[in-house]
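start-v2.pdb follows; it contains PDB, C-alpha atoms.
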```pdb
ATOM      1  CA  MET A 982     -17.818   3.348  18.248
ATOM      2  CA  SER A 983     -20.962   1.258  17.739
ATOM      3  CA  LYS A 984     -22.688   3.377  15.128
ATOM      4  CA  THR A 985     -22.139   3.148  11.397
ATOM      5  CA  ILE A 986     -18.763   4.541  10.345
ATOM      6  CA  ASN A 987     -19.340   7.117   7.593
ATOM      7  CA  VAL A 988     -16.507   7.313   5.100
ATOM      8  CA  ALA A 989     -15.375   9.768   2.456
ATOM      9  CA  LEU A 990     -13.255   8.228  -0.292
ATOM     10  CA  ALA A 991     -10.949  10.409  -2.372
ATOM     11  CA  GLY A 992      -9.820   9.078  -5.733
ATOM     12  CA  ALA A 993     -12.345   7.212  -7.875
ATOM     13  CA  GLY A 994      -9.726   5.527 -10.065
ATOM     14  CA  ALA A 995      -8.573   1.912 -10.184
ATOM     15  CA  PHE A 996      -7.574   1.622  -6.540
ATOM     16  CA  GLY A 997     -10.464   3.661  -5.219
ATOM     17  CA  ILE A 998     -12.828   1.181  -6.861
ATOM     18  CA  LYS A 999     -10.956  -1.713  -5.209
ATOM     19  CA  HIS A1000     -11.690  -0.103  -1.838
ATOM     20  CA  LEU A1001     -15.333   0.499  -2.706
ATOM     21  CA  ASP A1002     -15.703  -3.171  -3.652
ATOM     22  CA  GLY A1003     -14.061  -4.250  -0.406
ATOM     23  CA  ILE A1004     -16.145  -1.955   1.781
ATOM     24  CA  ARG A1005     -19.317  -3.468   0.319
ATOM     25  CA  ASN A1006     -18.460  -6.617   2.293
ATOM     26  CA  ILE A1007     -17.921  -4.862   5.635
ATOM     27  CA  ASP A1008     -20.868  -4.389   7.978
ATOM     28  CA  GLY A1009     -21.382  -1.086   9.744
ATOM     29  CA  VAL A1010     -19.511   1.035   7.208
ATOM     30  CA  GLU A1011     -20.992   3.367   4.605
ATOM     31  CA  VAL A1012     -19.269   5.507   1.983
ATOM     32  CA  VAL A1013     -21.187   8.791   2.070
ATOM     33  CA  SER A1014     -18.926  11.041  -0.001
ATOM     34  CA  LEU A1015     -16.816  10.510  -3.119
ATOM     35  CA  VAL A1016     -14.088  12.897  -4.249
ATOM     36  CA  SER A1017     -12.291  12.883  -7.596
ATOM     37  CA  ARG A1018     -11.053  15.311 -10.237
ATOM     38  CA  ASP A1019     -13.452  14.507 -13.083
ATOM     39  CA  LEU A1020     -16.941  15.343 -11.823
ATOM     40  CA  ASP A1021     -18.842  13.396 -14.506
ATOM     41  CA  LYS A1022     -16.816  10.205 -14.004
ATOM     42  CA  THR A1023     -17.093  10.604 -10.249
ATOM     43  CA  LYS A1024     -20.880  10.860 -10.508
ATOM     44  CA  GLU A1025     -20.932   7.638 -12.548
ATOM     45  CA  VAL A1026     -18.973   5.753  -9.890
ATOM     46  CA  ALA A1027     -21.074   7.281  -7.102
ATOM     47  CA  ALA A1028     -24.283   6.173  -8.805
ATOM     48  CA  LYS A1029     -22.965   2.609  -9.150
ATOM     49  CA  TYR A1030     -22.089   2.385  -5.451
ATOM     50  CA  GLY A1031     -25.009   4.414  -4.074
ATOM     51  CA  ILE A1032     -22.925   7.306  -2.757
ATOM     52  CA  GLY A1033     -24.960  10.429  -2.158
ATOM     53  CA  HIS A1034     -22.353  13.196  -2.018
ATOM     54  CA  VAL A1035     -19.987  13.914  -4.916
ATOM     55  CA  THR A1036     -17.342  16.619  -5.171
ATOM     56  CA  THR A1037     -14.038  17.471  -6.791
ATOM     57  CA  GLU A1038     -12.605  19.021  -3.603
ATOM     58  CA  LEU A1039     -11.466  17.060  -0.555
ATOM     59  CA  SER A1040     -12.220  20.089   1.613
ATOM     60  CA  ASP A1041     -15.927  19.713   0.766
ATOM     61  CA  SER A1042     -15.957  16.184   2.168
ATOM     62  CA  LEU A1043     -13.932  17.144   5.224
ATOM     63  CA  ALA A1044     -16.509  19.836   6.007
ATOM     64  CA  LEU A1045     -19.286  17.235   6.315
ATOM     65  CA  PRO A1046     -19.924  16.665  10.047
ATOM     66  CA  GLU A1047     -21.233  13.148   9.409
ATOM     67  CA  VAL A1048     -17.920  11.969   7.920
ATOM     68  CA  ASP A1049     -15.940   9.967  10.491
ATOM     69  CA  ALA A1050     -13.089   8.704   8.346
ATOM     70  CA  VAL A1051     -11.387   9.238   4.997
ATOM     71  CA  ILE A1052      -9.655   6.848   2.604
ATOM     72  CA  LEU A1053      -7.188   8.548   0.251
ATOM     73  CA  CYS A1054      -6.524   6.892  -3.122
ATOM     74  CA  THR A1055      -5.086  10.001  -4.703
ATOM     75  CA  PRO A1056      -1.801  10.758  -6.518
ATOM     76  CA  THR A1057       1.352  10.011  -4.528
ATOM     77  CA  GLN A1058       2.453  13.640  -4.484
ATOM     78  CA  MET A1059      -0.714  14.621  -2.576
ATOM     79  CA  HIS A1060      -0.636  11.957   0.130
ATOM     80  CA  ALA A1061       1.166  13.711   2.971
ATOM     81  CA  ALA A1062      -0.646  17.047   2.626
ATOM     82  CA  GLN A1063      -4.053  15.412   2.289
ATOM     83  CA  THR A1064      -3.459  13.104   5.257
ATOM     84  CA  ILE A1065      -2.533  16.129   7.342
ATOM     85  CA  ALA A1066      -5.681  17.933   6.150
ATOM     86  CA  CYS A1067      -7.810  14.971   7.265
ATOM     87  CA  LEU A1068      -6.215  14.866  10.704
ATOM     88  CA  LYS A1069      -6.636  18.616  11.126
ATOM     89  CA  ALA A1070     -10.319  18.166  10.254
ATOM     90  CA  ASP A1071     -10.602  15.595  13.093
ATOM     91  CA  LYS A1072     -11.109  12.650  10.719
ATOM     92  CA  HIS A1073      -9.544   9.227  10.978
ATOM     93  CA  VAL A1074      -7.595   8.546   7.801
ATOM     94  CA  GLN A1075      -6.211   5.721   5.728
ATOM     95  CA  VAL A1076      -3.874   6.810   2.940
ATOM     96  CA  GLU A1077      -2.856   4.469   0.173
ATOM     97  CA  ILE A1078       0.810   3.597  -0.178
ATOM     98  CA  PRO A1079       3.083   5.543  -0.107
ATOM     99  CA  LEU A1080       2.550   7.621   3.016
ATOM    100  CA  ALA A1081       4.592  10.415   1.415
ATOM    101  CA  ASP A1082       7.134  10.992  -1.320
ATOM    102  CA  THR A1083       9.636  12.569   1.098
ATOM    103  CA  LEU A1084      10.839  11.553   4.533
ATOM    104  CA  GLN A1085       9.925  14.965   5.934
ATOM    105  CA  GLY A1086       6.374  14.558   4.671
ATOM    106  CA  ALA A1087       6.100  11.178   6.394
ATOM    107  CA  ARG A1088       7.506  12.576   9.629
ATOM    108  CA  ASP A1089       5.070  15.498   9.559
ATOM    109  CA  VAL A1090       2.151  13.077   9.288
ATOM    110  CA  VAL A1091       3.386  10.938  12.176
ATOM    111  CA  THR A1092       3.926  13.997  14.384
ATOM    112  CA  LEU A1093       0.382  15.251  13.808
ATOM    113  CA  GLN A1094      -1.160  11.814  14.310
ATOM    114  CA  GLN A1095       0.567  11.536  17.666
ATOM    115  CA  GLN A1096      -0.764  14.944  18.641
ATOM    116  CA  THR A1097      -4.346  14.149  17.658
ATOM    117  CA  GLY A1098      -4.525  10.493  18.700
ATOM    118  CA  LEU A1099      -6.676   9.753  15.653
ATOM    119  CA  VAL A1100      -6.357   6.516  13.709
ATOM    120  CA  ALA A1101      -3.975   7.087  10.821
ATOM    121  CA  MET A1102      -3.002   4.147   8.635
ATOM    122  CA  CYS A1103      -1.050   3.641   5.439
ATOM    123  CA  GLY A1104      -2.138   1.056   2.879
ATOM    124  CA  HIS A1105       0.804  -1.347   3.069
ATOM    125  CA  THR A1106      -1.397  -4.049   1.572
ATOM    126  CA  ARG A1107       1.199  -6.826   1.603
ATOM    127  CA  ARG A1108       0.849  -7.056   5.385
ATOM    128  CA  PHE A1109      -2.784  -8.056   4.824
ATOM    129  CA  ASN A1110      -2.712 -10.326   1.757
ATOM    130  CA  PRO A1111      -3.595 -13.873   2.964
ATOM    131  CA  SER A1112      -0.458 -15.192   1.247
ATOM    132  CA  HIS A1113       1.868 -12.974   3.261
ATOM    133  CA  GLN A1114      -0.206 -13.420   6.411
ATOM    134  CA  TYR A1115       0.330 -17.189   6.103
ATOM    135  CA  VAL A1116       4.094 -16.724   5.934
ATOM    136  CA  HIS A1117       3.965 -14.264   8.845
ATOM    137  CA  GLN A1118       2.084 -16.805  10.955
ATOM    138  CA  GLN A1119       4.680 -19.470  10.153
ATOM    139  CA  ILE A1120       7.414 -17.079  11.274
ATOM    140  CA  GLN A1121       5.534 -16.113  14.450
ATOM    141  CA  ALA A1122       5.096 -19.807  15.287
ATOM    142  CA  GLY A1123       8.821 -20.413  14.913
ATOM    143  CA  ALA A1124       8.268 -22.815  12.001
ATOM    144  CA  PHE A1125       9.986 -20.695   9.333
ATOM    145  CA  ASN A1126      12.752 -18.123   9.200
ATOM    146  CA  ILE A1127      13.598 -15.990   6.190
ATOM    147  CA  GLN A1128      17.083 -16.355   4.788
ATOM    148  CA  GLN A1129      16.394 -14.400   1.613
ATOM    149  CA  MET A1130      13.539 -12.680  -0.178
ATOM    150  CA  ASP A1131      13.721 -12.371  -3.954
ATOM    151  CA  VAL A1132      11.154  -9.924  -5.290
ATOM    152  CA  GLN A1133      10.211  -8.859  -8.806
ATOM    153  CA  SER A1134       7.960  -5.820  -9.247
ATOM    154  CA  TYR A1135       7.286  -5.571 -12.973
ATOM    155  CA  PHE A1136       4.940  -3.352 -14.990
ATOM    156  CA  PHE A1137       4.607  -2.039 -18.516
ATOM    157  CA  ARG A1138       4.043   1.683 -17.991
ATOM    158  CA  ARG A1139       5.886   3.782 -20.533
ATOM    159  CA  THR A1140       3.061   6.326 -20.326
ATOM    160  CA  THR A1141       1.055   7.675 -17.378
ATOM    161  CA  MET A1142      -1.597   4.952 -17.138
ATOM    162  CA  ASN A1143      -3.338   3.444 -14.129
ATOM    163  CA  ALA A1144      -3.991  -0.227 -13.354
ATOM    164  CA  LEU A1145      -7.090  -0.146 -15.571
ATOM    165  CA  GLY A1146      -5.133   1.183 -18.558
ATOM    166  CA  GLN A1147      -6.684   4.635 -18.192
ATOM    167  CA  ALA A1148      -4.721   7.874 -18.583
ATOM    168  CA  ARG A1149      -3.881   9.688 -15.372
ATOM    169  CA  SER A1150      -2.514  13.098 -14.537
ATOM    170  CA  TRP A1151       0.456  12.055 -12.401
ATOM    171  CA  THR A1152       3.601   9.960 -12.716
ATOM    172  CA  ASP A1153       4.140   6.807 -10.688
ATOM    173  CA  HIS A1154       7.496   6.114  -9.010
ATOM    174  CA  LEU A1155       9.425   2.858  -8.591
ATOM    175  CA  LEU A1156      11.198   3.893  -5.377
ATOM    176  CA  TRP A1157       8.615   5.826  -3.365
ATOM    177  CA  HIS A1158       5.643   3.688  -4.400
ATOM    178  CA  HIS A1159       6.482   0.195  -5.594
ATOM    179  CA  ALA A1160       9.669  -0.368  -3.590
ATOM    180  CA  ALA A1161       7.838   0.794  -0.458
ATOM    181  CA  HIS A1162       5.782  -2.420  -0.464
ATOM    182  CA  THR A1163       8.841  -4.644  -0.328
ATOM    183  CA  VAL A1164      11.007  -2.500   1.961
ATOM    184  CA  ASP A1165       8.245  -2.485   4.570
ATOM    185  CA  LEU A1166       7.282  -6.137   4.114
ATOM    186  CA  PHE A1167      10.853  -7.395   4.390
ATOM    187  CA  ALA A1168      11.433  -5.730   7.772
ATOM    188  CA  TYR A1169       7.931  -6.659   8.977
ATOM    189  CA  GLN A1170       8.268 -10.335   8.075
ATOM    190  CA  CYS A1171      11.797 -10.602   9.450
ATOM    191  CA  GLY A1172      10.811  -8.815  12.650
ATOM    192  CA  SER A1173      14.142  -7.088  12.308
ATOM    193  CA  PRO A1174      15.093  -3.573  11.129
ATOM    194  CA  ILE A1175      16.908  -2.938   7.870
ATOM    195  CA  VAL A1176      20.522  -2.054   8.584
ATOM    196  CA  LYS A1177      21.955  -1.938   5.070
ATOM    197  CA  ALA A1178      20.402  -0.804   1.785
ATOM    198  CA  ASN A1179      21.841  -0.252  -1.692
ATOM    199  CA  ALA A1180      20.229   0.893  -4.936
ATOM    200  CA  VAL A1181      21.103   1.435  -8.597
ATOM    201  CA  GLN A1182      18.810   2.699 -11.312
ATOM    202  CA  GLY A1183      18.643   2.707 -15.086
ATOM    203  CA  PRO A1184      18.311   5.668 -17.461
ATOM    204  CA  ILE A1185      15.868   8.476 -16.722
ATOM    205  CA  HIS A1186      12.907   8.515 -19.114
ATOM    206  CA  PRO A1187      13.131  11.645 -21.320
ATOM    207  CA  VAL A1188       9.407  12.447 -20.973
ATOM    208  CA  LEU A1189       8.325  10.992 -17.626
ATOM    209  CA  GLY A1190      11.477  12.154 -15.830
ATOM    210  CA  ILE A1191      11.814   9.004 -13.731
ATOM    211  CA  ALA A1192      13.974   5.897 -13.766
ATOM    212  CA  MET A1193      12.153   3.033 -15.473
ATOM    213  CA  ASP A1194      14.343   0.285 -13.980
ATOM    214  CA  MET A1195      15.819  -0.142 -10.522
ATOM    215  CA  SER A1196      17.601  -2.731  -8.381
ATOM    216  CA  ILE A1197      17.651  -2.691  -4.564
ATOM    217  CA  GLN A1198      19.507  -4.820  -2.009
ATOM    218  CA  LEU A1199      18.505  -4.938   1.666
ATOM    219  CA  LYS A1200      19.908  -6.580   4.777
ATOM    220  CA  ALA A1201      18.116  -6.927   8.109
ATOM    221  CA  ALA A1202      19.781  -6.848  11.499
ATOM    222  CA  ASN A1203      19.107 -10.580  11.923
ATOM    223  CA  GLY A1204      21.150 -11.356   8.784
ATOM    224  CA  ALA A1205      18.321 -11.960   6.288
ATOM    225  CA  ILE A1206      18.761 -10.394   2.854
ATOM    226  CA  CYS A1207      16.428  -9.168   0.116
ATOM    227  CA  THR A1208      16.944  -8.557  -3.589
ATOM    228  CA  LEU A1209      14.326  -6.402  -5.319
ATOM    229  CA  SER A1210      14.110  -5.807  -9.062
ATOM    230  CA  LEU A1211      11.680  -3.174 -10.366
ATOM    231  CA  SER A1212      10.749  -2.148 -13.908
ATOM    232  CA  PHE A1213       8.211  -0.121 -15.853
ATOM    233  CA  ASN A1214       9.677  -1.523 -19.097
ATOM    234  CA  ASN A1215       8.629  -5.127 -18.619
ATOM    235  CA  ASP A1216       6.357  -6.353 -21.434
ATOM    236  CA  GLY A1217       5.339  -9.658 -19.900
ATOM    237  CA  PRO A1218       3.660 -10.997 -16.770
ATOM    238  CA  LEU A1219       2.781  -7.945 -14.681
ATOM    239  CA  GLY A1220       2.709  -7.483 -10.936
ATOM    240  CA  THR A1221       4.872  -8.150  -7.907
ATOM    241  CA  PHE A1222       6.047 -11.645  -7.060
ATOM    242  CA  PHE A1223       7.721 -12.593  -3.786
ATOM    243  CA  ARG A1224       9.920 -15.638  -3.249
ATOM    244  CA  TYR A1225      10.577 -16.390   0.411
ATOM    245  CA  ILE A1226      13.626 -18.633   0.817
ATOM    246  CA  GLY A1227      13.834 -19.914   4.366
ATOM    247  CA  ASP A1228      15.361 -22.526   6.604
ATOM    248  CA  THR A1229      12.458 -24.967   6.340
ATOM    249  CA  ALA A1230      10.578 -24.071   3.149
ATOM    250  CA  THR A1231      10.289 -21.883   0.077
ATOM    251  CA  TYR A1232       7.141 -19.856  -0.553
ATOM    252  CA  ILE A1233       6.081 -17.885  -3.624
ATOM    253  CA  ALA A1234       3.470 -15.179  -3.024
ATOM    254  CA  ARG A1235       1.506 -13.612  -5.846
ATOM    255  CA  TYR A1236      -0.829 -11.067  -4.275
ATOM    256  CA  ASP A1237      -3.454 -13.089  -2.360
ATOM    257  CA  ASP A1238      -2.240 -16.491  -3.637
ATOM    258  CA  LEU A1239       0.589 -18.616  -2.237
ATOM    259  CA  PHE A1240       2.608 -21.512  -3.657
ATOM    260  CA  ASN A1241       5.483 -23.621  -2.423
ATOM    261  CA  GLY A1242       8.819 -23.767  -4.221
ATOM    262  CA  LYS A1243       7.513 -26.508  -6.510
ATOM    263  CA  GLU A1244       4.646 -24.241  -7.651
ATOM    264  CA  GLU A1245       2.089 -26.284  -5.708
ATOM    265  CA  LYS A1246      -0.722 -24.066  -4.469
ATOM    266  CA  ILE A1247      -1.148 -23.629  -0.714
ATOM    267  CA  ASP A1248      -4.667 -23.170   0.648
ATOM    268  CA  VAL A1249      -4.796 -19.798   2.425
ATOM    269  CA  SER A1250      -8.594 -19.506   2.403
ATOM    270  CA  ARG A1251      -8.777 -19.933   6.196
ATOM    271  CA  VAL A1252      -6.032 -17.447   7.046
ATOM    272  CA  ASP A1253      -8.531 -14.594   7.461
ATOM    273  CA  VAL A1254     -12.196 -13.754   6.885
ATOM    274  CA  SER A1255     -11.603 -12.823   3.243
ATOM    275  CA  MET A1256      -9.251 -13.641   0.381
ATOM    276  CA  ASN A1257      -9.142  -9.960  -0.640
ATOM    277  CA  GLY A1258      -6.117  -8.103   0.727
ATOM    278  CA  ILE A1259      -7.678  -4.672   0.170
ATOM    279  CA  GLU A1260     -10.827  -5.668   2.038
ATOM    280  CA  LEU A1261      -8.721  -7.038   4.910
ATOM    281  CA  GLN A1262      -6.731  -3.812   4.984
ATOM    282  CA  ASP A1263      -9.967  -1.815   5.249
ATOM    283  CA  ARG A1264     -11.329  -4.143   7.933
ATOM    284  CA  GLU A1265      -8.235  -3.418  10.024
ATOM    285  CA  PHE A1266      -8.740   0.330   9.588
ATOM    286  CA  PHE A1267     -12.354   0.263  10.710
ATOM    287  CA  SER A1268     -11.659  -2.173  13.562
ATOM    288  CA  ALA A1269      -8.956   0.150  14.876
ATOM    289  CA  ILE A1270     -11.426   3.055  14.826
ATOM    290  CA  ARG A1271     -14.054   1.052  16.724
ATOM    291  CA  GLU A1272     -11.527  -0.275  19.240
ATOM    292  CA  GLY A1273      -9.736   3.038  19.777
ATOM    293  CA  ARG A1274      -6.288   1.686  18.882
ATOM    294  CA  GLN A1275      -3.657   2.204  16.228
ATOM    295  CA  PRO A1276      -3.825  -0.308  13.368
ATOM    296  CA  ASN A1277      -1.316  -2.656  11.847
ATOM    297  CA  SER A1278       0.528  -0.415   9.341
ATOM    298  CA  SER A1279      -0.162   2.729  11.342
ATOM    299  CA  VAL A1280       1.714   5.758  10.032
ATOM    300  CA  ALA A1281       4.129   5.516  12.959
ATOM    301  CA  GLY A1282       4.528   1.786  12.387
ATOM    302  CA  VAL A1283       5.655   2.201   8.784
ATOM    303  CA  LEU A1284       7.874   5.258   9.243
ATOM    304  CA  ALA A1285      11.062   3.154   9.216
ATOM    305  CA  CYS A1286      10.258   2.147   5.622
ATOM    306  CA  TYR A1287      10.357   5.778   4.512
ATOM    307  CA  GLU A1288      13.633   6.354   6.318
ATOM    308  CA  VAL A1289      15.139   3.569   4.195
ATOM    309  CA  LEU A1290      13.580   4.980   1.003
ATOM    310  CA  HIS A1291      15.062   8.368   1.836
ATOM    311  CA  ASP A1292      18.528   6.873   2.275
ATOM    312  CA  LEU A1293      18.195   5.041  -1.047
ATOM    313  CA  GLU A1294      17.086   8.236  -2.780
ATOM    314  CA  GLN A1295      20.180   9.996  -1.485
ATOM    315  CA  GLN A1296      22.337   7.179  -2.857
ATOM    316  CA  LEU A1297      20.722   7.484  -6.265
ATOM    317  CA  LYS A1298      21.195  11.265  -6.304
ATOM    318  CA  ASP A1299      24.862  10.898  -5.418
TER     319      ASP A1299
END
```

Please re-express this file's structure in structure tokens.
Amino acid sequence: MSKTINVALAGAGAFGIKHLDGIRNIDGVEVVSLVSRDLDKTKEVAAKYGIGHVTTELSDSLALPEVDAVILCTPTQMHAAQTIACLKADKHVQVEIPLADTLQGARDVVTLQQQTGLVAMCGHTRRFNPSHQYVHQQIQAGAFNIQQMDVQSYFFRRTTMNALGQARSWTDHLLWHHAAHTVDLFAYQCGSPIVKANAVQGPIHPVLGIAMDMSIQLKAANGAICTLSLSFNNDGPLGTFFRYIGDTATYIARYDDLFNGKEEKIDVSRVDVSMNGIELQDREFFSAIREGRQPNSSVAGVLACYEVLHDLEQQLKD
């Protein structure tokens, strides 16, 4: 594909705006349609980014013949069904993490993608952050091997708020959303499947109906282990922080930044063409469309993550 790739973006909230900012830096791509629930707010965002078509219904965007691809930044509970709708409409699709909130939903998406041959990608951003790419390159070169990953994923979300502190209509989930980042990244970085997984969770919130604290242990087939602590109760530094403990070094990754074990910053500015993980994620999506291939973090490529999440959910229910 040599022509401009025309994109519809669904979800004009915090993460949708991150994608719009990233796409501004990518040549040959234009967002032509914006979908979100609040029409007035959606029009405001569309005006800021020069997007001509605005709607509150994804089906309206899918009906536009000029739309080649869709990026879904919508509530978790809608991801699988909306991804399937995009594929059925003959549109390439990138859905933000998680791919689904059930294993069956994830499997249904993968089955349809394989039938259509379209590019279908899930936004497992950690694969694209320059910090994690640097570690991955060290592993690929044989210069570093993970012995343990220690991960903290901490937020202060005792109400339904998004990353901008704005109210939203859906409830986030520690297991199916935030744990998905680490479960996938651990197996991806180790180059080895997860063979053992355990989880415990704290009390269920009386209003939100979800666990606000969770602890997960993972073991890969090659012997590496991972400890993941997650909380929506943490009133302190927010975000997800990864400590890679290996045989030759220790690395601490904070989104796109990387430090060694002594908290000395490592220059990752030359790892890729940008320091923005979301932009790099989008670049991979559009490159895969142009090159007629499946991308890194294709829906089939991340399915194993959702199999592990399903097993952990069953543990927690039992």

(message) List as an MDAnalysis selection string the protein and nucleic acid residues near region 1153-1169 of chain A, meaning an atom at most 9 Å away when only C-alpha atoms are counted, but skip any in the same chain fewer than 4 places from it.
(response) chainID A and resid 1056:1057 1078:1083 1105:1108 1113 1117 1130 1132 1134 1138 1141:1143 1173:1175 1191:1195 1197 1199 1201 1205:1207 1209:1213 1221 1223 1283 1285:1287 1289:1291 1293:1294

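Taking CA of Ala1061 (chain A) and CA of Leu1093 (chain A) as endpoints, the distance between them is 11.0 Å.
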
(request) Report as a ChimeraX atom specification the residues that result from applying the PyMOL selection byres ((chain A and resi 1257) around 9) to the structure here. (result) /A:1003,1109-1111,1237,1254-1256,1258-1262

Selection under test: the PyMOL selection byres ((chain A and resi 989) around 6); residues as a short mmCIF file (atom, residue, chain, number, x, y, z; two decimals) with C-alpha atoms, in the coordinates of the input:
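Saved result, out_17.cif, follows:
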```cif
data_model
loop_
_atom_site.label_atom_id
_atom_site.label_comp_id
_atom_site.auth_asym_id
_atom_site.auth_seq_id
_atom_site.Cartn_x
_atom_site.Cartn_y
_atom_site.Cartn_z
CA VAL A 988 -16.51 7.31 5.10
CA LEU A 990 -13.26 8.23 -0.29
CA VAL A 1012 -19.27 5.51 1.98
CA VAL A 1013 -21.19 8.79 2.07
CA SER A 1014 -18.93 11.04 0.00
CA LEU A 1015 -16.82 10.51 -3.12
CA VAL A 1051 -11.39 9.24 5.00
#
```

(request) Could you tell me how far CA of Gln1170 (chain A) lies from CA of Tyr1232 (chain A), in Å and to one decimal? (result)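 Atom-to-atom, CA of Gln1170 (chain A) and CA of Tyr1232 (chain A) are spaced 12.9 Å apart.
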
(request) Just say which residues the PyMOL selection byres ((chain A and resi 1097) around 12) picks in this file, as a PyMOL selection string. (result) chain A and resi 1065+1067-1074+1090-1096+1098-1101

(message) To one decimal place in Å, what is the distance between CA of Ala993 (chain A) and CA of Leu1053 (chain A)?
(response)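 Atom-to-atom, CA of Ala993 (chain A) and CA of Leu1053 (chain A) are spaced 9.7 Å apart.
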
What are the centre and edge lengths in Å, to one decimal, of the axis-aligned box around all listed atoms of region 1057-1069 of chain A with 4 Å added on each side, as AutoDock Vina command-line options?
```
--center_x -2.7 --center_y 14.3 --center_z 3.3 --size_x 18.3 --size_y 16.6 --size_z 23.7
```

(message) Could you check the closest approach to Leu1020 (chain A) for each of A:Ile1007, A:Val1035, A:Val1176, A:Cys1054 and tell me which residue wins, using only C-alpha atoms?
(response) A:Val1035

(request) Using only C-alpha atoms, pick whichever of A:Pro1276, A:Gly997, A:Gly1204, A:Gly1242 has the shortest atom-to-atom distance to Lys1177 (chain A). (result)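 Under the stated criterion, the closest residue is A:Gly1204.
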
(request) Point out the residue among A:Phe1125, A:Ile1247, A:Met1102, A:Asn1006 with the least atom-to-atom distance to Gln1275 (chain A), counting all atoms listed in the file. (result)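 When distances to Gln1275 (chain A) are compared using all atoms listed in the file, the smallest one comes from A:Met1102.
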
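You can rank A:Val1252, A:Gly1104, A:His1000, A:Leu1297 by their closest distance to Pro1184 (chain A) using all atoms listed in the file, and at the top of that list sits A:Leu1297.
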
(request) Can you work out which one of A:Leu1045, A:Val1188, A:Ile1052, A:Ile998 has the shortest atom-to-atom distance to Glu1025 (chain A), counting all atoms listed in the file? (result) A:Ile998

Add whatever atoms are absent from region 1240-1244 of chain A to reach all heavy atoms, and provide the output as a short mmCIF file (atom, residue, chain, number, x, y, z; two decimals), keeping the file's coordinate frame.
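Generated output (rebuild-v2.cif):
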```
data_model
loop_
_atom_site.label_atom_id
_atom_site.label_comp_id
_atom_site.auth_asym_id
_atom_site.auth_seq_id
_atom_site.Cartn_x
_atom_site.Cartn_y
_atom_site.Cartn_z
N PHE A 1240 2.15 -20.23 -3.12
CA PHE A 1240 2.61 -21.51 -3.66
C PHE A 1240 3.88 -21.91 -2.91
O PHE A 1240 4.58 -21.07 -2.36
CB PHE A 1240 2.91 -21.40 -5.16
CG PHE A 1240 1.75 -20.89 -5.97
CD1 PHE A 1240 1.49 -19.52 -6.05
CD2 PHE A 1240 0.91 -21.76 -6.63
CE1 PHE A 1240 0.41 -19.04 -6.79
CE2 PHE A 1240 -0.17 -21.29 -7.37
CZ PHE A 1240 -0.42 -19.92 -7.45
N ASN A 1241 4.19 -23.22 -2.94
CA ASN A 1241 5.48 -23.62 -2.42
C ASN A 1241 6.52 -23.53 -3.54
O ASN A 1241 6.21 -23.13 -4.67
CB ASN A 1241 5.42 -25.02 -1.79
CG ASN A 1241 5.12 -26.13 -2.80
OD1 ASN A 1241 5.29 -25.97 -4.00
ND2 ASN A 1241 4.68 -27.27 -2.29
N GLY A 1242 7.75 -23.91 -3.24
CA GLY A 1242 8.82 -23.77 -4.22
C GLY A 1242 8.66 -24.64 -5.45
O GLY A 1242 9.31 -24.40 -6.47
N LYS A 1243 7.79 -25.62 -5.37
CA LYS A 1243 7.51 -26.51 -6.51
C LYS A 1243 6.28 -26.05 -7.28
O LYS A 1243 5.75 -26.80 -8.10
CB LYS A 1243 7.35 -27.94 -6.03
CG LYS A 1243 8.59 -28.52 -5.37
CD LYS A 1243 8.35 -29.95 -4.90
CE LYS A 1243 9.62 -30.54 -4.31
NZ LYS A 1243 10.06 -29.84 -3.08
N GLU A 1244 5.81 -24.84 -6.99
CA GLU A 1244 4.65 -24.24 -7.65
C GLU A 1244 3.35 -24.99 -7.32
O GLU A 1244 2.39 -24.97 -8.09
CB GLU A 1244 4.83 -24.17 -9.17
CG GLU A 1244 5.87 -23.15 -9.61
CD GLU A 1244 5.39 -21.69 -9.49
OE1 GLU A 1244 4.19 -21.49 -9.19
OE2 GLU A 1244 6.21 -20.78 -9.67
#
```
